[in-house]
$ cat my_file25.pdb   # PDB, N, CA and C atoms
ATOM      1  N   MET A 971      28.625 -39.106 -20.255  1.00  0.00           N
ATOM      2  CA  MET A 971      29.195 -37.951 -19.603  1.00  0.00           C
ATOM      3  C   MET A 971      28.480 -36.670 -20.040  1.00  0.00           C
ATOM      4  N   THR A 972      28.100 -36.588 -21.286  1.00  0.00           N
ATOM      5  CA  THR A 972      27.441 -35.397 -21.812  1.00  0.00           C
ATOM      6  C   THR A 972      26.079 -35.208 -21.157  1.00  0.00           C
ATOM      7  N   ASP A 973      25.355 -36.330 -20.975  1.00  0.00           N
ATOM      8  CA  ASP A 973      24.043 -36.236 -20.336  1.00  0.00           C
ATOM      9  C   ASP A 973      24.160 -35.741 -18.895  1.00  0.00           C
ATOM     10  N   SER A 974      25.187 -36.190 -18.210  1.00  0.00           N
ATOM     11  CA  SER A 974      25.408 -35.765 -16.835  1.00  0.00           C
ATOM     12  C   SER A 974      25.729 -34.269 -16.770  1.00  0.00           C
ATOM     13  N   LYS A 975      26.530 -33.807 -17.690  1.00  0.00           N
ATOM     14  CA  LYS A 975      26.889 -32.383 -17.753  1.00  0.00           C
ATOM     15  C   LYS A 975      25.658 -31.531 -18.065  1.00  0.00           C
ATOM     16  N   ALA A 976      24.849 -31.976 -19.005  1.00  0.00           N
ATOM     17  CA  ALA A 976      23.634 -31.249 -19.374  1.00  0.00           C
ATOM     18  C   ALA A 976      22.657 -31.201 -18.196  1.00  0.00           C
ATOM     19  N   LEU A 977      22.526 -32.311 -17.504  1.00  0.00           N
ATOM     20  CA  LEU A 977      21.638 -32.356 -16.343  1.00  0.00           C
ATOM     21  C   LEU A 977      22.152 -31.423 -15.246  1.00  0.00           C
ATOM     22  N   HIS A 978      23.449 -31.439 -15.011  1.00  0.00           N
ATOM     23  CA  HIS A 978      24.056 -30.557 -14.009  1.00  0.00           C
ATOM     24  C   HIS A 978      23.838 -29.083 -14.381  1.00  0.00           C
ATOM     25  N   ASP A 979      24.009 -28.758 -15.655  1.00  0.00           N
ATOM     26  CA  ASP A 979      23.789 -27.382 -16.114  1.00  0.00           C
ATOM     27  C   ASP A 979      22.332 -26.961 -15.928  1.00  0.00           C
ATOM     28  N   ARG A 980      21.416 -27.864 -16.228  1.00  0.00           N
ATOM     29  CA  ARG A 980      19.988 -27.550 -16.054  1.00  0.00           C
ATOM     30  C   ARG A 980      19.648 -27.323 -14.591  1.00  0.00           C
ATOM     31  N   ILE A 981      20.215 -28.151 -13.724  1.00  0.00           N
ATOM     32  CA  ILE A 981      19.959 -27.993 -12.285  1.00  0.00           C
ATOM     33  C   ILE A 981      20.527 -26.665 -11.799  1.00  0.00           C
ATOM     34  N   ASP A 982      21.733 -26.319 -12.252  1.00  0.00           N
ATOM     35  CA  ASP A 982      22.333 -25.034 -11.877  1.00  0.00           C
ATOM     36  C   ASP A 982      21.463 -23.866 -12.337  1.00  0.00           C
ATOM     37  N   ALA A 983      20.976 -23.955 -13.566  1.00  0.00           N
ATOM     38  CA  ALA A 983      20.128 -22.888 -14.101  1.00  0.00           C
ATOM     39  C   ALA A 983      18.836 -22.761 -13.291  1.00  0.00           C
ATOM     40  N   MET A 984      18.261 -23.896 -12.922  1.00  0.00           N
ATOM     41  CA  MET A 984      17.024 -23.871 -12.125  1.00  0.00           C
ATOM     42  C   MET A 984      17.283 -23.295 -10.732  1.00  0.00           C
ATOM     43  N   GLU A 985      18.414 -23.631 -10.144  1.00  0.00           N
ATOM     44  CA  GLU A 985      18.743 -23.094  -8.829  1.00  0.00           C
ATOM     45  C   GLU A 985      18.939 -21.582  -8.897  1.00  0.00           C
ATOM     46  N   MET A 986      19.560 -21.106  -9.961  1.00  0.00           N
ATOM     47  CA  MET A 986      19.737 -19.665 -10.122  1.00  0.00           C
ATOM     48  C   MET A 986      18.387 -18.967 -10.284  1.00  0.00           C
ATOM     49  N   ARG A 987      17.524 -19.540 -11.109  1.00  0.00           N
ATOM     50  CA  ARG A 987      16.192 -18.950 -11.290  1.00  0.00           C
ATOM     51  C   ARG A 987      15.418 -18.934  -9.976  1.00  0.00           C
ATOM     52  N   LEU A 988      15.524 -20.017  -9.214  1.00  0.00           N
ATOM     53  CA  LEU A 988      14.835 -20.101  -7.934  1.00  0.00           C
ATOM     54  C   LEU A 988      15.347 -19.022  -6.978  1.00  0.00           C
ATOM     55  N   THR A 989      16.655 -18.794  -6.977  1.00  0.00           N
ATOM     56  CA  THR A 989      17.240 -17.763  -6.127  1.00  0.00           C
ATOM     57  C   THR A 989      16.707 -16.390  -6.512  1.00  0.00           C
ATOM     58  N   TYR A 990      16.679 -16.075  -7.805  1.00  0.00           N
ATOM     59  CA  TYR A 990      16.154 -14.784  -8.259  1.00  0.00           C
ATOM     60  C   TYR A 990      14.669 -14.657  -7.941  1.00  0.00           C
ATOM     61  N   GLN A 991      13.924 -15.750  -8.075  1.00  0.00           N
ATOM     62  CA  GLN A 991      12.500 -15.703  -7.763  1.00  0.00           C
ATOM     63  C   GLN A 991      12.280 -15.470  -6.273  1.00  0.00           C
ATOM     64  N   ASP A 992      13.081 -16.112  -5.436  1.00  0.00           N
ATOM     65  CA  ASP A 992      12.972 -15.890  -3.993  1.00  0.00           C
ATOM     66  C   ASP A 992      13.258 -14.429  -3.649  1.00  0.00           C
ATOM     67  N   GLU A 993      14.275 -13.856  -4.265  1.00  0.00           N
ATOM     68  CA  GLU A 993      14.599 -12.449  -4.024  1.00  0.00           C
ATOM     69  C   GLU A 993      13.464 -11.543  -4.483  1.00  0.00           C
ATOM     70  N   ALA A 994      12.882 -11.857  -5.638  1.00  0.00           N
ATOM     71  CA  ALA A 994      11.767 -11.055  -6.147  1.00  0.00           C
ATOM     72  C   ALA A 994      10.555 -11.151  -5.223  1.00  0.00           C
ATOM     73  N   ILE A 995      10.273 -12.349  -4.736  1.00  0.00           N
ATOM     74  CA  ILE A 995       9.143 -12.535  -3.830  1.00  0.00           C
ATOM     75  C   ILE A 995       9.368 -11.769  -2.534  1.00  0.00           C
ATOM     76  N   ASP A 996      10.572 -11.836  -1.991  1.00  0.00           N
ATOM     77  CA  ASP A 996      10.880 -11.084  -0.766  1.00  0.00           C
ATOM     78  C   ASP A 996      10.720  -9.583  -0.988  1.00  0.00           C
ATOM     79  N   SER A 997      11.202  -9.101  -2.106  1.00  0.00           N
ATOM     80  CA  SER A 997      11.084  -7.679  -2.416  1.00  0.00           C
ATOM     81  C   SER A 997       9.624  -7.264  -2.552  1.00  0.00           C
ATOM     82  N   LEU A 998       8.833  -8.067  -3.237  1.00  0.00           N
ATOM     83  CA  LEU A 998       7.411  -7.765  -3.393  1.00  0.00           C
ATOM     84  C   LEU A 998       6.691  -7.806  -2.046  1.00  0.00           C
ATOM     85  N   ASN A 999       7.050  -8.754  -1.212  1.00  0.00           N
ATOM     86  CA  ASN A 999       6.442  -8.855   0.110  1.00  0.00           C
ATOM     87  C   ASN A 999       6.749  -7.615   0.940  1.00  0.00           C
ATOM     88  N   GLN A1000       7.974  -7.138   0.892  1.00  0.00           N
ATOM     89  CA  GLN A1000       8.334  -5.921   1.617  1.00  0.00           C
ATOM     90  C   GLN A1000       7.556  -4.713   1.091  1.00  0.00           C
ATOM     91  N   THR A1001       7.414  -4.642  -0.219  1.00  0.00           N
ATOM     92  CA  THR A1001       6.659  -3.536  -0.824  1.00  0.00           C
ATOM     93  C   THR A1001       5.202  -3.574  -0.384  1.00  0.00           C
ATOM     94  N   ILE A1002       4.609  -4.742  -0.406  1.00  0.00           N
ATOM     95  CA  ILE A1002       3.204  -4.878  -0.010  1.00  0.00           C
ATOM     96  C   ILE A1002       3.033  -4.521   1.461  1.00  0.00           C
ATOM     97  N   THR A1003       3.967  -4.947   2.293  1.00  0.00           N
ATOM     98  CA  THR A1003       3.892  -4.629   3.719  1.00  0.00           C
ATOM     99  C   THR A1003       3.958  -3.122   3.938  1.00  0.00           C
ATOM    100  N   ARG A1004       4.874  -2.440   3.245  1.00  0.00           N
ATOM    101  CA  ARG A1004       4.967  -0.979   3.364  1.00  0.00           C
ATOM    102  C   ARG A1004       3.682  -0.313   2.886  1.00  0.00           C
ATOM    103  N   GLN A1005       3.118  -0.823   1.806  1.00  0.00           N
ATOM    104  CA  GLN A1005       1.884  -0.234   1.284  1.00  0.00           C
ATOM    105  C   GLN A1005       0.729  -0.400   2.273  1.00  0.00           C
ATOM    106  N   TRP A1006       0.623  -1.553   2.920  1.00  0.00           N
ATOM    107  CA  TRP A1006      -0.453  -1.747   3.899  1.00  0.00           C
ATOM    108  C   TRP A1006      -0.287  -0.828   5.096  1.00  0.00           C
ATOM    109  N   VAL A1007       0.958  -0.614   5.521  1.00  0.00           N
ATOM    110  CA  VAL A1007       1.199   0.330   6.615  1.00  0.00           C
ATOM    111  C   VAL A1007       0.740   1.725   6.199  1.00  0.00           C
ATOM    112  N   GLU A1008       1.083   2.123   4.980  1.00  0.00           N
ATOM    113  CA  GLU A1008       0.682   3.439   4.477  1.00  0.00           C
ATOM    114  C   GLU A1008      -0.836   3.530   4.327  1.00  0.00           C
ATOM    115  N   ILE A1009      -1.471   2.482   3.853  1.00  0.00           N
ATOM    116  CA  ILE A1009      -2.932   2.477   3.710  1.00  0.00           C
ATOM    117  C   ILE A1009      -3.594   2.622   5.077  1.00  0.00           C
ATOM    118  N   ASP A1010      -3.091   1.896   6.069  1.00  0.00           N
ATOM    119  CA  ASP A1010      -3.652   2.012   7.414  1.00  0.00           C
ATOM    120  C   ASP A1010      -3.486   3.429   7.953  1.00  0.00           C
ATOM    121  N   ARG A1011      -2.323   4.029   7.726  1.00  0.00           N
ATOM    122  CA  ARG A1011      -2.082   5.404   8.181  1.00  0.00           C
ATOM    123  C   ARG A1011      -3.062   6.372   7.510  1.00  0.00           C
ATOM    124  N   LEU A1012      -3.254   6.210   6.211  1.00  0.00           N
ATOM    125  CA  LEU A1012      -4.170   7.093   5.483  1.00  0.00           C
ATOM    126  C   LEU A1012      -5.619   6.899   5.922  1.00  0.00           C
ATOM    127  N   LYS A1013      -5.995   5.665   6.218  1.00  0.00           N
ATOM    128  CA  LYS A1013      -7.353   5.414   6.712  1.00  0.00           C
ATOM    129  C   LYS A1013      -7.581   6.116   8.051  1.00  0.00           C
ATOM    130  N   ARG A1014      -6.578   6.062   8.928  1.00  0.00           N
ATOM    131  CA  ARG A1014      -6.705   6.752  10.217  1.00  0.00           C
ATOM    132  C   ARG A1014      -6.821   8.258  10.010  1.00  0.00           C
ATOM    133  N   MET A1015      -6.015   8.798   9.089  1.00  0.00           N
ATOM    134  CA  MET A1015      -6.079  10.236   8.814  1.00  0.00           C
ATOM    135  C   MET A1015      -7.449  10.633   8.290  1.00  0.00           C
ATOM    136  N   ILE A1016      -7.991   9.851   7.383  1.00  0.00           N
ATOM    137  CA  ILE A1016      -9.314  10.154   6.823  1.00  0.00           C
ATOM    138  C   ILE A1016     -10.368  10.103   7.918  1.00  0.00           C
ATOM    139  N   SER A1017     -10.276   9.109   8.780  1.00  0.00           N
ATOM    140  CA  SER A1017     -11.235   8.992   9.878  1.00  0.00           C
ATOM    141  C   SER A1017     -11.149  10.197  10.811  1.00  0.00           C
ATOM    142  N   GLU A1018      -9.926  10.623  11.138  1.00  0.00           N
ATOM    143  CA  GLU A1018      -9.751  11.797  11.993  1.00  0.00           C
ATOM    144  C   GLU A1018     -10.288  13.058  11.312  1.00  0.00           C
ATOM    145  N   MET A1019     -10.024  13.200  10.027  1.00  0.00           N
ATOM    146  CA  MET A1019     -10.514  14.379   9.296  1.00  0.00           C
ATOM    147  C   MET A1019     -12.036  14.379   9.228  1.00  0.00           C
ATOM    148  N   LYS A1020     -12.608  13.209   9.055  1.00  0.00           N
ATOM    149  CA  LYS A1020     -14.071  13.104   9.016  1.00  0.00           C
ATOM    150  C   LYS A1020     -14.669  13.529  10.353  1.00  0.00           C
ATOM    151  N   GLU A1021     -14.056  13.076  11.448  1.00  0.00           N
ATOM    152  CA  GLU A1021     -14.539  13.462  12.772  1.00  0.00           C
ATOM    153  C   GLU A1021     -14.403  14.966  12.991  1.00  0.00           C
ATOM    154  N   ARG A1022     -13.279  15.537  12.576  1.00  0.00           N
ATOM    155  CA  ARG A1022     -13.074  16.984  12.726  1.00  0.00           C
ATOM    156  C   ARG A1022     -14.087  17.768  11.903  1.00  0.00           C
ATOM    157  N   LEU A1023     -14.364  17.313  10.689  1.00  0.00           N
ATOM    158  CA  LEU A1023     -15.339  17.991   9.836  1.00  0.00           C
ATOM    159  C   LEU A1023     -16.735  17.917  10.443  1.00  0.00           C
ATOM    160  N   GLN A1024     -17.103  16.745  10.935  1.00  0.00           N
ATOM    161  CA  GLN A1024     -18.415  16.614  11.563  1.00  0.00           C
ATOM    162  C   GLN A1024     -18.522  17.505  12.801  1.00  0.00           C
ATOM    163  N   ASP A1025     -17.435  17.576  13.569  1.00  0.00           N
ATOM    164  CA  ASP A1025     -17.422  18.438  14.754  1.00  0.00           C
ATOM    165  C   ASP A1025     -17.564  19.904  14.346  1.00  0.00           C
ATOM    166  N   ALA A1026     -16.827  20.314  13.314  1.00  0.00           N
ATOM    167  CA  ALA A1026     -16.901  21.701  12.848  1.00  0.00           C
ATOM    168  C   ALA A1026     -18.285  22.016  12.295  1.00  0.00           C
ATOM    169  N   GLU A1027     -18.880  21.082  11.588  1.00  0.00           N
ATOM    170  CA  GLU A1027     -20.222  21.301  11.043  1.00  0.00           C
ATOM    171  C   GLU A1027     -21.259  21.409  12.157  1.00  0.00           C
ATOM    172  N   SER A1028     -21.059  20.637  13.217  1.00  0.00           N
ATOM    173  CA  SER A1028     -22.038  20.685  14.307  1.00  0.00           C
ATOM    174  C   SER A1028     -21.945  22.000  15.088  1.00  0.00           C
ATOM    175  N   ARG A1029     -20.775  22.636  15.091  1.00  0.00           N
ATOM    176  CA  ARG A1029     -20.599  23.902  15.802  1.00  0.00           C
ATOM    177  C   ARG A1029     -20.844  25.123  14.913  1.00  0.00           C
ATOM    178  N   ALA A1030     -20.998  24.917  13.634  1.00  0.00           N
ATOM    179  CA  ALA A1030     -21.199  26.041  12.712  1.00  0.00           C
ATOM    180  C   ALA A1030     -22.601  26.625  12.905  1.00  0.00           C
ATOM    181  N   PRO A1031     -22.739  27.925  12.696  1.00  0.00           N
ATOM    182  CA  PRO A1031     -24.078  28.532  12.818  1.00  0.00           C
ATOM    183  C   PRO A1031     -24.997  28.013  11.713  1.00  0.00           C
ATOM    184  N   ASP A1032     -26.266  28.059  12.009  1.00  0.00           N
ATOM    185  CA  ASP A1032     -27.270  27.585  11.049  1.00  0.00           C
ATOM    186  C   ASP A1032     -27.370  28.579   9.892  1.00  0.00           C
ATOM    187  N   PRO A1033     -27.056  28.176   8.674  1.00  0.00           N
ATOM    188  CA  PRO A1033     -27.045  29.117   7.543  1.00  0.00           C
ATOM    189  C   PRO A1033     -28.444  29.550   7.108  1.00  0.00           C
ATOM    190  N   SER A1034     -29.486  28.884   7.568  1.00  0.00           N
ATOM    191  CA  SER A1034     -30.843  29.266   7.135  1.00  0.00           C
ATOM    192  C   SER A1034     -31.274  30.611   7.723  1.00  0.00           C
ATOM    193  N   ASN A1035     -30.696  31.061   8.833  1.00  0.00           N
ATOM    194  CA  ASN A1035     -31.065  32.328   9.465  1.00  0.00           C
ATOM    195  C   ASN A1035     -30.191  33.485   9.029  1.00  0.00           C
ATOM    196  N   GLU A1036     -29.143  33.221   8.281  1.00  0.00           N
ATOM    197  CA  GLU A1036     -28.218  34.273   7.873  1.00  0.00           C
ATOM    198  C   GLU A1036     -28.658  34.859   6.531  1.00  0.00           C
ATOM    199  N   PRO A1037     -28.512  36.157   6.386  1.00  0.00           N
ATOM    200  CA  PRO A1037     -28.831  36.754   5.077  1.00  0.00           C
ATOM    201  C   PRO A1037     -27.757  36.371   4.045  1.00  0.00           C
ATOM    202  N   PRO A1038     -28.098  36.373   2.778  1.00  0.00           N
ATOM    203  CA  PRO A1038     -27.105  36.071   1.744  1.00  0.00           C
ATOM    204  C   PRO A1038     -25.964  37.077   1.789  1.00  0.00           C
ATOM    205  N   PRO A1039     -24.783  36.726   1.314  1.00  0.00           N
ATOM    206  CA  PRO A1039     -23.619  37.604   1.433  1.00  0.00           C
ATOM    207  C   PRO A1039     -23.748  38.926   0.682  1.00  0.00           C
ATOM    208  N   HIS A1040     -24.644  39.061  -0.294  1.00  0.00           N
ATOM    209  CA  HIS A1040     -24.746  40.311  -1.041  1.00  0.00           C
ATOM    210  C   HIS A1040     -25.608  41.374  -0.340  1.00  0.00           C
ATOM    211  N   TYR A1041     -26.167  41.094   0.845  1.00  0.00           N
ATOM    212  CA  TYR A1041     -26.939  42.089   1.577  1.00  0.00           C
ATOM    213  C   TYR A1041     -26.089  42.890   2.490  1.00  0.00           C
TER     214      TYR A1041
END
$ encode --input "my_file25.pdb" --output "structure tokens"
Amino acid sequence: MTDSKALHDRIDAMEMRLTYQDEAIDSLNQTITRQWVEIDRLKRMISEMKERLQDAESRAPDPSNEPPPHY
């Protein structure tokens, strides 16, 4: 009877650990998913900013013909 009780207790403990591990994995998966969404958003922002900067640089006057600011 004691062996059966010990085995039952071990199985219960393992089931509890498995439940907590499943919850932890789900939580980590949600965190990773949110982070990838944020990374994708930031990549798009950087790409847009790069395009805007290149556009602004292409429209800027050529600095080689301008006198230095102290003149």
$ atom_distance --input "my_file25.pdb" --atom1 "atom C of Ile1016 of chain A" --atom2 "atom C of Ser1028 of chain A"
18.1 Å
$ atom_distance --input "my_file25.pdb" --atom1 "atom N of Val1007 of chain A" --atom2 "atom CA of Ile995 of chain A"
17.2 Å
$ atom_distance --input "my_file25.pdb" --atom1 "atom N of Ala1026 of chain A" --atom2 "atom CA of Arg1014 of chain A"
17.2 Å
$ build_atoms --input "my_file25.pdb" --residues "segment 999-1010 of chain A" --atoms "all heavy atoms" --output "compact mmCIF listing (two decimals), in the coordinates of the input"
# COMPACT_ATOMS: atom_id res chain seq x y z
N ASN A 999 7.05 -8.75 -1.21
CA ASN A 999 6.44 -8.86 0.11
C ASN A 999 6.75 -7.62 0.94
O ASN A 999 5.86 -7.07 1.62
CB ASN A 999 6.93 -10.11 0.82
CG ASN A 999 6.19 -10.36 2.11
OD1 ASN A 999 4.98 -10.18 2.18
ND2 ASN A 999 6.92 -10.78 3.14
N GLN A 1000 7.97 -7.14 0.89
CA GLN A 1000 8.33 -5.92 1.62
C GLN A 1000 7.56 -4.71 1.09
O GLN A 1000 7.08 -3.88 1.87
CB GLN A 1000 9.84 -5.66 1.51
CG GLN A 1000 10.68 -6.66 2.27
CD GLN A 1000 12.17 -6.47 2.00
OE1 GLN A 1000 12.57 -5.55 1.31
NE2 GLN A 1000 12.98 -7.36 2.55
N THR A 1001 7.41 -4.64 -0.22
CA THR A 1001 6.66 -3.54 -0.82
C THR A 1001 5.20 -3.57 -0.38
O THR A 1001 4.63 -2.54 0.00
CB THR A 1001 6.75 -3.61 -2.36
OG1 THR A 1001 8.13 -3.51 -2.74
CG2 THR A 1001 5.96 -2.50 -3.02
N ILE A 1002 4.61 -4.74 -0.41
CA ILE A 1002 3.20 -4.88 -0.01
C ILE A 1002 3.03 -4.52 1.46
O ILE A 1002 2.08 -3.83 1.84
CB ILE A 1002 2.69 -6.31 -0.29
CG1 ILE A 1002 2.57 -6.51 -1.80
CG2 ILE A 1002 1.37 -6.57 0.40
CD1 ILE A 1002 2.29 -7.94 -2.21
N THR A 1003 3.97 -4.95 2.29
CA THR A 1003 3.89 -4.63 3.72
C THR A 1003 3.96 -3.12 3.94
O THR A 1003 3.16 -2.56 4.71
CB THR A 1003 5.03 -5.34 4.48
OG1 THR A 1003 4.92 -6.75 4.28
CG2 THR A 1003 4.97 -5.03 5.97
N ARG A 1004 4.87 -2.44 3.24
CA ARG A 1004 4.97 -0.98 3.36
C ARG A 1004 3.68 -0.31 2.89
O ARG A 1004 3.21 0.66 3.49
CB ARG A 1004 6.16 -0.45 2.57
CG ARG A 1004 7.49 -0.64 3.25
CD ARG A 1004 8.60 0.15 2.57
NE ARG A 1004 8.70 -0.04 1.14
CZ ARG A 1004 9.46 -0.97 0.54
NH1 ARG A 1004 10.18 -1.79 1.25
NH2 ARG A 1004 9.49 -1.07 -0.77
N GLN A 1005 3.12 -0.82 1.81
CA GLN A 1005 1.88 -0.23 1.28
C GLN A 1005 0.73 -0.40 2.27
O GLN A 1005 -0.07 0.52 2.44
CB GLN A 1005 1.53 -0.85 -0.07
CG GLN A 1005 2.45 -0.41 -1.18
CD GLN A 1005 2.15 -1.10 -2.49
OE1 GLN A 1005 1.51 -2.15 -2.54
NE2 GLN A 1005 2.65 -0.53 -3.57
N TRP A 1006 0.62 -1.55 2.92
CA TRP A 1006 -0.45 -1.75 3.90
C TRP A 1006 -0.29 -0.83 5.10
O TRP A 1006 -1.27 -0.30 5.63
CB TRP A 1006 -0.53 -3.21 4.35
CG TRP A 1006 -1.34 -4.02 3.39
CD1 TRP A 1006 -0.90 -5.01 2.58
CD2 TRP A 1006 -2.74 -3.89 3.12
NE1 TRP A 1006 -1.93 -5.50 1.81
CE2 TRP A 1006 -3.08 -4.83 2.13
CE3 TRP A 1006 -3.74 -3.05 3.61
CZ2 TRP A 1006 -4.36 -4.96 1.64
CZ3 TRP A 1006 -5.03 -3.19 3.10
CH2 TRP A 1006 -5.32 -4.14 2.13
N VAL A 1007 0.96 -0.61 5.52
CA VAL A 1007 1.20 0.33 6.62
C VAL A 1007 0.74 1.72 6.20
O VAL A 1007 0.07 2.43 6.97
CB VAL A 1007 2.69 0.32 7.02
CG1 VAL A 1007 3.02 1.48 7.93
CG2 VAL A 1007 3.06 -1.01 7.67
N GLU A 1008 1.08 2.12 4.98
CA GLU A 1008 0.68 3.44 4.48
C GLU A 1008 -0.84 3.53 4.33
O GLU A 1008 -1.44 4.55 4.67
CB GLU A 1008 1.37 3.72 3.13
CG GLU A 1008 1.06 5.07 2.55
CD GLU A 1008 1.67 6.22 3.31
OE1 GLU A 1008 2.49 5.99 4.22
OE2 GLU A 1008 1.35 7.37 3.00
N ILE A 1009 -1.47 2.48 3.85
CA ILE A 1009 -2.93 2.48 3.71
C ILE A 1009 -3.59 2.62 5.08
O ILE A 1009 -4.55 3.39 5.24
CB ILE A 1009 -3.41 1.19 2.99
CG1 ILE A 1009 -3.04 1.26 1.51
CG2 ILE A 1009 -4.91 0.98 3.17
CD1 ILE A 1009 -3.24 -0.04 0.76
N ASP A 1010 -3.09 1.90 6.07
CA ASP A 1010 -3.65 2.01 7.41
C ASP A 1010 -3.49 3.43 7.95
O ASP A 1010 -4.40 3.98 8.57
CB ASP A 1010 -2.98 1.01 8.37
CG ASP A 1010 -3.42 -0.42 8.11
OD1 ASP A 1010 -4.47 -0.62 7.46
OD2 ASP A 1010 -2.70 -1.34 8.54
